[in-house]
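Novice: Supplied in structure tokens, the structure appears directly below.
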Amino acid sequence: MQKKVAYSLLFFFLIVQLYFLTNQNFTQAAVFALGIGFGYAVSRSRFCFASAFRDLIMFRDKAMSRGVTVLIAVSAAGFFVVQWLAVLGGNDPPGKINPVGWHLVIGGIIFGTGMVLAGGCVISTLVRSGEGFFHYWGVLLGIVIGSVLGAFGYGYWKDILISSQKFWLPGIIGWIPTLIIYAIIFFLLFKALREER
């Protein structure tokens, strides 16, 4: 039965790709292929930000936390290089530099509480909804409703948040000190999360 489902999904994937390629829509074909690959990888790895913290705190299991730390370290290094090259070329740093304030604390508490009550983060909710777990369909509906409400209220909140102080470490202390701070933080994190032998 599982082989039949796998072959059916592969056939569907090939049909969609063939449709995109015959219409010379190579961008859509690439995005579709990357989406399928990302979904498969997340489904097999059971990757979840919520479980990374839950497993570390409740079960002392560091595996998922190591994965999240690697993801953040690679992202931070990539953003650092892209922004540094842009500024070196005389441009403004790309990306959105957000203000820092009380709203981050409140948002973090709401987001963290929501992940605990839902039993997972947005990524794991999408995966488990696709796998047919009925509980997560309700969670997914809540995410959609919350996103719509957030989009409608964004104009009001945006005016309040813009008045907060923006925080961009290289702009405050420089590129080299920022790189040193990044290196120290990730060194300490990897040391704390290393596998015990």
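Numbering starts fresh at 1 for the residues of each chain in the structure tokens, the chains themselves are lettered A, B, ... in the order given, and ligands are numbered from 1 as they appear.
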I'd like a table as a tab-separated table: residues in range 46-83 of chain A with an atom no more than 12 Å from range 122-146 of chain A, each row giving the shortest atom pair and its distance in Å to one decimal, only C-alpha atoms counted, sorted by chain and rising residue number.
Specialist:
```
residue	atom	partner	partner_atom	distance
A:Arg46	CA	A:Ser124	CA	7.1
A:Phe47	CA	A:Ser124	CA	6.8
A:Cys48	CA	A:Ser124	CA	5.6
A:Phe49	CA	A:Ile123	CA	8.3
A:Ala50	CA	A:Ser124	CA	8.8
A:Ser51	CA	A:Ser124	CA	9.3
A:Ala52	CA	A:Ser124	CA	11.5
```
Novice: Using DSSP secondary structure from the backbone, list all strand (DSSP E or B) positions within range 49-172 of chain A, as an mmCIF file with all heavy atoms, in the first residue's frame.
Specialist:
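So out18.cif came out as:
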```cif
data_model
loop_
_atom_site.group_PDB
_atom_site.id
_atom_site.type_symbol
_atom_site.label_atom_id
_atom_site.label_comp_id
_atom_site.auth_asym_id
_atom_site.auth_seq_id
_atom_site.Cartn_x
_atom_site.Cartn_y
_atom_site.Cartn_z
ATOM 1 N N PRO A 99 12.917 47.094 14.932
ATOM 2 C CA PRO A 99 13.110 47.757 16.226
ATOM 3 C C PRO A 99 13.067 46.756 17.371
ATOM 4 O O PRO A 99 12.435 45.705 17.271
ATOM 5 C CB PRO A 99 11.931 48.734 16.305
ATOM 6 C CG PRO A 99 10.907 48.207 15.365
ATOM 7 C CD PRO A 99 11.645 47.462 14.304
ATOM 8 N N VAL A 100 13.761 47.082 18.450
ATOM 9 C CA VAL A 100 13.798 46.235 19.642
ATOM 10 C C VAL A 100 13.034 46.951 20.743
ATOM 11 O O VAL A 100 13.194 48.151 20.948
ATOM 12 C CB VAL A 100 15.259 45.989 20.084
ATOM 13 C CG1 VAL A 100 15.312 45.237 21.396
ATOM 14 C CG2 VAL A 100 16.011 45.241 19.007
ATOM 15 N N GLN A 165 13.445 51.788 19.157
ATOM 16 C CA GLN A 165 14.835 51.892 18.688
ATOM 17 C C GLN A 165 15.218 50.662 17.870
ATOM 18 O O GLN A 165 15.038 49.531 18.305
ATOM 19 C CB GLN A 165 15.763 52.011 19.901
ATOM 20 C CG GLN A 165 17.230 52.143 19.544
ATOM 21 C CD GLN A 165 17.537 53.468 18.875
ATOM 22 O OE1 GLN A 165 17.011 54.493 19.243
ATOM 23 N NE2 GLN A 165 18.383 53.430 17.870
ATOM 24 N N LYS A 166 15.753 50.888 16.662
ATOM 25 C CA LYS A 166 16.221 49.769 15.850
ATOM 26 C C LYS A 166 17.574 49.306 16.358
ATOM 27 O O LYS A 166 18.366 50.109 16.857
ATOM 28 C CB LYS A 166 16.309 50.177 14.380
ATOM 29 C CG LYS A 166 14.944 50.385 13.755
ATOM 30 C CD LYS A 166 15.038 50.456 12.264
ATOM 31 C CE LYS A 166 13.631 50.529 11.689
ATOM 32 N NZ LYS A 166 13.619 50.537 10.245
#
```
Novice: Among range 94-169 of chain A, which residues carry a DSSP assignment of alpha helix (DSSP H), reported as a count of residues only?
Specialist: 56
Novice: So the first atom is CA of Ala73 in chain A and the second is CA of Ala33 in chain A; what is the distance between them in Å, to one decimal place?
Specialist: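 Between CA of Ala73 in chain A and CA of Ala33 in chain A the gap is 25.4 Å.
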Novice: Got a sec: who's within 12 Å of range 62-65 of chain A, counting only C-alpha atoms, leaving out chain neighbours fewer than 4 positions off, as a PDB file with C-alpha atoms, in the first residue's frame?
Specialist:
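This went into part_29.pdb:
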```pdb
ATOM      1  CA  SER A  45      13.724  14.669  10.195  1.00  0.00           C
ATOM      2  CA  ARG A  46      10.709  15.634  12.400  1.00  0.00           C
ATOM      3  CA  PHE A  47      12.322  19.084  12.592  1.00  0.00           C
ATOM      4  CA  CYS A  48      10.539  21.419  15.014  1.00  0.00           C
ATOM      5  CA  PHE A  49      11.664  24.506  16.935  1.00  0.00           C
ATOM      6  CA  ALA A  50       9.256  23.773  19.788  1.00  0.00           C
ATOM      7  CA  SER A  51      10.492  20.218  20.254  1.00  0.00           C
ATOM      8  CA  ALA A  52      14.108  21.434  20.173  1.00  0.00           C
ATOM      9  CA  PHE A  53      13.515  23.347  23.415  1.00  0.00           C
ATOM     10  CA  ARG A  54      11.043  20.845  24.876  1.00  0.00           C
ATOM     11  CA  ASP A  55      13.351  17.848  24.342  1.00  0.00           C
ATOM     12  CA  LEU A  56      16.330  19.735  25.775  1.00  0.00           C
ATOM     13  CA  ILE A  57      14.527  20.921  28.920  1.00  0.00           C
ATOM     14  CA  MET A  58      12.268  17.944  29.655  1.00  0.00           C
ATOM     15  CA  THR A  69      21.754  25.782  16.423  1.00  0.00           C
ATOM     16  CA  VAL A  70      23.426  24.696  13.154  1.00  0.00           C
ATOM     17  CA  LEU A  71      20.524  26.222  11.185  1.00  0.00           C
ATOM     18  CA  ILE A  72      20.800  29.543  13.035  1.00  0.00           C
ATOM     19  CA  LEU A 189      26.270  26.859  22.284  1.00  0.00           C
ATOM     20  CA  PHE A 190      27.958  24.041  20.372  1.00  0.00           C
ATOM     21  CA  LYS A 191      30.091  23.226  23.405  1.00  0.00           C
ATOM     22  CA  ALA A 192      27.034  23.068  25.661  1.00  0.00           C
ATOM     23  CA  LEU A 193      25.091  20.933  23.161  1.00  0.00           C
ATOM     24  CA  ARG A 194      27.864  18.574  22.168  1.00  0.00           C
ATOM     25  CA  GLU A 195      27.209  14.852  22.408  1.00  0.00           C
ATOM     26  CA  GLU A 196      28.321  13.366  25.685  1.00  0.00           C
TER      27      GLU A 196
END
```
Novice: Nearest residue to Thr178 in chain A out of A:Ala86, A:Ile110, A:Ala77, A:Val31, using only C-alpha atoms?
Specialist: A:Ala77
